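Student: Submitted below is the structure of interest, expressed as structure tokens.
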Amino acid sequence: MIGLGLLVGLLFPPFVVMMGIPTQLAFTPAFFSVTLIAGAMVGALSFLLASQVIRPRLILLQGKMFEVRDAIDQATFADDWSRCRLDTCRVPVESSDELGRCAQSFNRLLEALFNSRQLEQAVSDFSATLSTKLELEPLSEDALGQLIRHSDAIAGALLVEKEGELAVAASHAFREPKTLLANDHLRAAFRSLEAQHLHLPAGLNADGLVGEVEPREVLVLPVRYKGLCIGLVVLATAGTFGAQSRRVLDLFARTLGLALHNALTYDQLQRTAALDPLTSAYNRRFGMGRLREELSRAIRSGETFGLIMFDIDHFKSVNDTYGHLTGDHVLVEITHACRRVLREGDVAVRYGGEEFFIILPGASLADSALVAERIRHSISDTHIRDGQQRIHVTISCGVTAFPQDPIDSAQQLLQHADEALFEAKHAGRNQVKLAIA
């Protein structure tokens, strides 16, 4: 820089001659000396200024770059970002000149890097959480919770396709989430595989949304697996969904596709393993497990639950007269007639052959007897067609309930219901008997 100043001092006399200064004055040794000294001083001052002001800032910027590079190298193999954080690696912006703009650019690059890192970590955590769950309900609850948290939504729901129909797998802050199933925008998103972004005017609340804060935007995201839509994510916010939130949600929805498919497959396998293949009622193994669970829950909480056992009167004569295929058809129709009476949450189990039992959570002995009579009438009123023939069958029922029936085990409760069933058959069939007088 001093050499540059000397060069400027050397060239200054010819320059001033061009500006009209007399040659005999400009090319004197004294004038040359003054211009050289002045050039050297300006060069030295520039060097000093660069050394004291510009050089430290460049060194700082260079050091931060090396620090970030080393942190990325370390994080690549050890996933450890402790050596560099956004607050410690940021370069102070001390001016608005080119150096200040360089520092601003570096800081923006650093923010983009850390935002990318946070997004990568969020997606990784989301995937890790989902990979630990196979059951549909807990997976859906966890997935929806993270989707709401990362988008700042005030309400949300996760809908899945089951047997060709949408069903609510999880919901948050929706008073009537089932009303979403009839929404045209949701159906359009499901059919088209295209996200739906809805703006709601002030005073118009979303279907079933509860809470003091009204939503202003609703986002509907299809959940895809191998090009097919297997579910929908519905999120509502009081503000707006920014571009960053939408990108995050889109990545989450892609990750959710595989996990949700696995959960649906597992759920289907569990249902298949728990169902009787002929009647689609629960099989004996599942039913006994559920009976023990209900008894344990009732003992802990002090709640009641009822048990109905029934079988078809003279079923052997049906098989002998019409054949076993017709007998199977009768069993299927009997199961359908029974289900028409039962509440949601009641459990119908094929115990074996033509014998069934029904678990009625929360039902007292009187409630259970009333349900048994309804089942008996429903089946008695059912006329089963077999070709040109119409077959009419009746059932006999035995009823008991906990804790009115002081039993020690689920097997004992079942035995008491069976004894009441035997009493109903002995009394003439097509009637209901209680195990407790």
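As shown in the structure tokens, the chain order sets the letters A, B, ...; within each chain, residues go from 1, and ligands are also counted from 1 in the order they appear.
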Write out as a list in words the set of residues from region 159-200 of chain A that DSSP, computed on the backbone, places in helix (DSSP H, G or I).
Tutor: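 Residues meeting the helix (DSSP H, G or I) criterion: Pro177, Lys178, Thr179, Leu180, Leu181, Ala182, Asp184, His185, Leu186, Arg187, Ala188, Ala189, Phe190, Arg191 and Ser192 of chain A.
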Student: Residues of region 113-278 of chain A classed as strand (DSSP E or B) by DSSP on the backbone are to be reported as a PyMOL selection string.
Tutor: chain A and resi 155-162+165-172+174+196-199+209+217-225+228-237+275
Student: Using only C-alpha atoms, which protein or nucleic acid residues come within 7 Å of region 366-372 of chain A? Drop anything in the same chain fewer than 4 positions from it, and give the result as a PyMOL selection string.
Tutor: chain A and resi 306-308+376+397+399+432
Student: Using N, CA and C atoms, can you write the selected residues to a file as an mmCIF file, in the first residue's frame?
Tutor:
data_model
loop_
_atom_site.group_PDB
_atom_site.id
_atom_site.type_symbol
_atom_site.label_atom_id
_atom_site.label_comp_id
_atom_site.auth_asym_id
_atom_site.auth_seq_id
_atom_site.Cartn_x
_atom_site.Cartn_y
_atom_site.Cartn_z
ATOM 1 N N GLY A 306 -72.239 -55.303 32.060
ATOM 2 C CA GLY A 306 -73.114 -56.457 31.959
ATOM 3 C C GLY A 306 -72.587 -57.497 30.989
ATOM 4 N N LEU A 307 -73.103 -58.716 31.157
ATOM 5 C CA LEU A 307 -72.705 -59.822 30.289
ATOM 6 C C LEU A 307 -73.947 -60.608 29.895
ATOM 7 N N ILE A 308 -74.141 -60.795 28.612
ATOM 8 C CA ILE A 308 -75.251 -61.591 28.077
ATOM 9 C C ILE A 308 -74.671 -62.781 27.345
ATOM 10 N N ARG A 376 -83.304 -60.503 21.751
ATOM 11 C CA ARG A 376 -84.196 -61.651 21.549
ATOM 12 C C ARG A 376 -85.316 -61.287 20.579
ATOM 13 N N CYS A 397 -81.411 -66.523 26.417
ATOM 14 C CA CYS A 397 -80.372 -65.640 26.960
ATOM 15 C C CYS A 397 -80.207 -65.833 28.457
ATOM 16 N N VAL A 399 -78.257 -63.683 31.650
ATOM 17 C CA VAL A 399 -77.721 -62.331 31.892
ATOM 18 C C VAL A 399 -77.147 -62.256 33.303
ATOM 19 N N VAL A 432 -85.405 -64.787 28.497
ATOM 20 C CA VAL A 432 -84.221 -64.252 29.165
ATOM 21 C C VAL A 432 -84.300 -64.606 30.626
#
Student: Set the distance at 6 Å and use only C-alpha atoms: which residues neighbour Ala281 (chain A) once local chain neighbours fewer than 6 positions away are removed? I'd like the list as an MDAnalysis selection string.
Tutor: chainID A and resid 275 348:349
Student: Convert the current residue selection to file output with N, CA and C atoms, as a PDB file, in the first residue's frame.
Tutor:
ATOM      1  N   LEU A 275     -61.270 -61.346  14.654  1.00  0.00           N
ATOM      2  CA  LEU A 275     -62.636 -61.577  14.186  1.00  0.00           C
ATOM      3  C   LEU A 275     -62.877 -63.032  13.830  1.00  0.00           C
ATOM      4  N   ALA A 348     -69.647 -57.883  20.739  1.00  0.00           N
ATOM      5  CA  ALA A 348     -70.287 -59.167  20.432  1.00  0.00           C
ATOM      6  C   ALA A 348     -69.213 -60.201  20.124  1.00  0.00           C
ATOM      7  N   VAL A 349     -69.300 -61.364  20.784  1.00  0.00           N
ATOM      8  CA  VAL A 349     -68.264 -62.398  20.669  1.00  0.00           C
ATOM      9  C   VAL A 349     -68.927 -63.731  20.328  1.00  0.00           C
TER      10      VAL A 349
END
Student: Please list as a list in words every residue within 10 Å of Thr326 (chain A), counting only C-alpha atoms and excluding residues in the same chain fewer than 3 positions away.
Tutor: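 Surrounding residues, per the criterion: Val318, Asn319, Asp320, Thr321, Tyr322, Gly323, His329, Val330, Leu331, Val332, Ile384, Arg385, Asp386, Gly387 and Ile391 of chain A.
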Student: Pick out the residues sitting within 6 Å of region 249-264 of chain A, and hand them over as a PyMOL selection string; count only C-alpha atoms, and ignore anything fewer than 2 positions along from it in its own chain.
Tutor: chain A and resi 134-136+223-225+246-247+266-267
Student: Identify which of the residues A:Ala189, A:Glu344, A:Lys425, A:Thr335 lies closest to Thr382 (chain A), counting only C-alpha atoms when measuring atom-to-atom distances.
Tutor: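 With only C-alpha atoms as the atom set, the closest residue is A:Thr335.
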Student: Expressed in Å to a single decimal, how great is the separation between CA of Ser131 (chain A) and CA of Ala236 (chain A)?
Tutor: 26.1 Å
Student: Could you list, as a PyMOL selection string, every residue within 12 Å of Leu166 (chain A), counting only C-alpha atoms and ignoring same-chain residues fewer than 2 positions away?
Tutor: chain A and resi 157-164+168-169+177-183+186-187+190-191+229-233
Student: Export, as an mmCIF file, in the first residue's frame, the selected residues with C-alpha atoms.
Tutor:
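Written output follows (again-v1.cif):
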data_model
loop_
_atom_site.group_PDB
_atom_site.id
_atom_site.type_symbol
_atom_site.label_atom_id
_atom_site.label_comp_id
_atom_site.auth_asym_id
_atom_site.auth_seq_id
_atom_site.Cartn_x
_atom_site.Cartn_y
_atom_site.Cartn_z
ATOM 1 C CA ALA A 157 -57.736 -33.482 12.871
ATOM 2 C CA LEU A 158 -56.262 -36.537 11.178
ATOM 3 C CA LEU A 159 -58.637 -38.491 8.956
ATOM 4 C CA VAL A 160 -57.852 -41.931 7.543
ATOM 5 C CA GLU A 161 -59.468 -44.124 4.929
ATOM 6 C CA LYS A 162 -61.003 -47.322 6.270
ATOM 7 C CA GLU A 163 -62.872 -49.683 3.988
ATOM 8 C CA GLY A 164 -63.415 -46.963 1.406
ATOM 9 C CA VAL A 168 -61.540 -39.586 12.288
ATOM 10 C CA ALA A 169 -58.354 -41.120 13.710
ATOM 11 C CA PRO A 177 -64.922 -33.730 14.326
ATOM 12 C CA LYS A 178 -67.226 -36.147 12.493
ATOM 13 C CA THR A 179 -68.842 -33.169 10.748
ATOM 14 C CA LEU A 180 -65.572 -32.779 8.844
ATOM 15 C CA LEU A 181 -66.272 -36.045 7.013
ATOM 16 C CA ALA A 182 -69.058 -34.413 4.989
ATOM 17 C CA ASN A 183 -67.022 -31.321 4.049
ATOM 18 C CA LEU A 186 -61.946 -32.311 2.304
ATOM 19 C CA ARG A 187 -63.465 -34.675 -0.204
ATOM 20 C CA PHE A 190 -58.896 -36.556 -1.019
ATOM 21 C CA ARG A 191 -59.929 -37.135 -4.621
ATOM 22 C CA CYS A 229 -54.453 -40.842 -0.721
ATOM 23 C CA ILE A 230 -54.822 -42.747 2.551
ATOM 24 C CA GLY A 231 -55.730 -39.838 4.817
ATOM 25 C CA LEU A 232 -56.073 -36.102 5.352
ATOM 26 C CA VAL A 233 -54.519 -33.634 7.780
#
Student: May I ask which of the residues A:Gly156, A:Gly242, A:Gly398, A:Pro277 is the closest one to Leu221 (chain A), counting only C-alpha atoms?
Tutor: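 Among the listed residues, A:Gly156 lies closest to Leu221 (chain A).
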Student: Can you work out the spacing between CA of His314 (chain A) and CA of Gly352 (chain A) in Å, to one decimal?
Tutor: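 Computing it gives 15.3 Å between the two atoms.
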Student: Measure the distance from CA of Arg390 (chain A) to CA of Ala337 (chain A) in Å and round it to one decimal.
Tutor: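 Spanning CA of Arg390 (chain A) to CA of Ala337 (chain A) is a straight-line distance of 15.5 Å.
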Student: Kindly provide the residues of region 326-348 of chain A that approach region 378-381 of chain A to within 10 Å, each paired with its closest atom pair and their distance in Å to one decimal, based on only C-alpha atoms, listed by chain and increasing number, as JSON lines.
Tutor:
{"residue": "A:Glu333", "atom": "CA", "partner": "A:Ile379", "partner_atom": "CA", "distance": 8.6}
{"residue": "A:Ile334", "atom": "CA", "partner": "A:Ile379", "partner_atom": "CA", "distance": 6.2}
{"residue": "A:Thr335", "atom": "CA", "partner": "A:Ile379", "partner_atom": "CA", "distance": 8.9}
{"residue": "A:His336", "atom": "CA", "partner": "A:Ile379", "partner_atom": "CA", "distance": 9.0}
{"residue": "A:Ala337", "atom": "CA", "partner": "A:Ile379", "partner_atom": "CA", "distance": 5.7}
{"residue": "A:Cys338", "atom": "CA", "partner": "A:Ile379", "partner_atom": "CA", "distance": 6.9}
{"residue": "A:Arg339", "atom": "CA", "partner": "A:Ser378", "partner_atom": "CA", "distance": 9.6}
{"residue": "A:Arg340", "atom": "CA", "partner": "A:Ser378", "partner_atom": "CA", "distance": 8.0}
{"residue": "A:Val341", "atom": "CA", "partner": "A:Ser378", "partner_atom": "CA", "distance": 7.4}
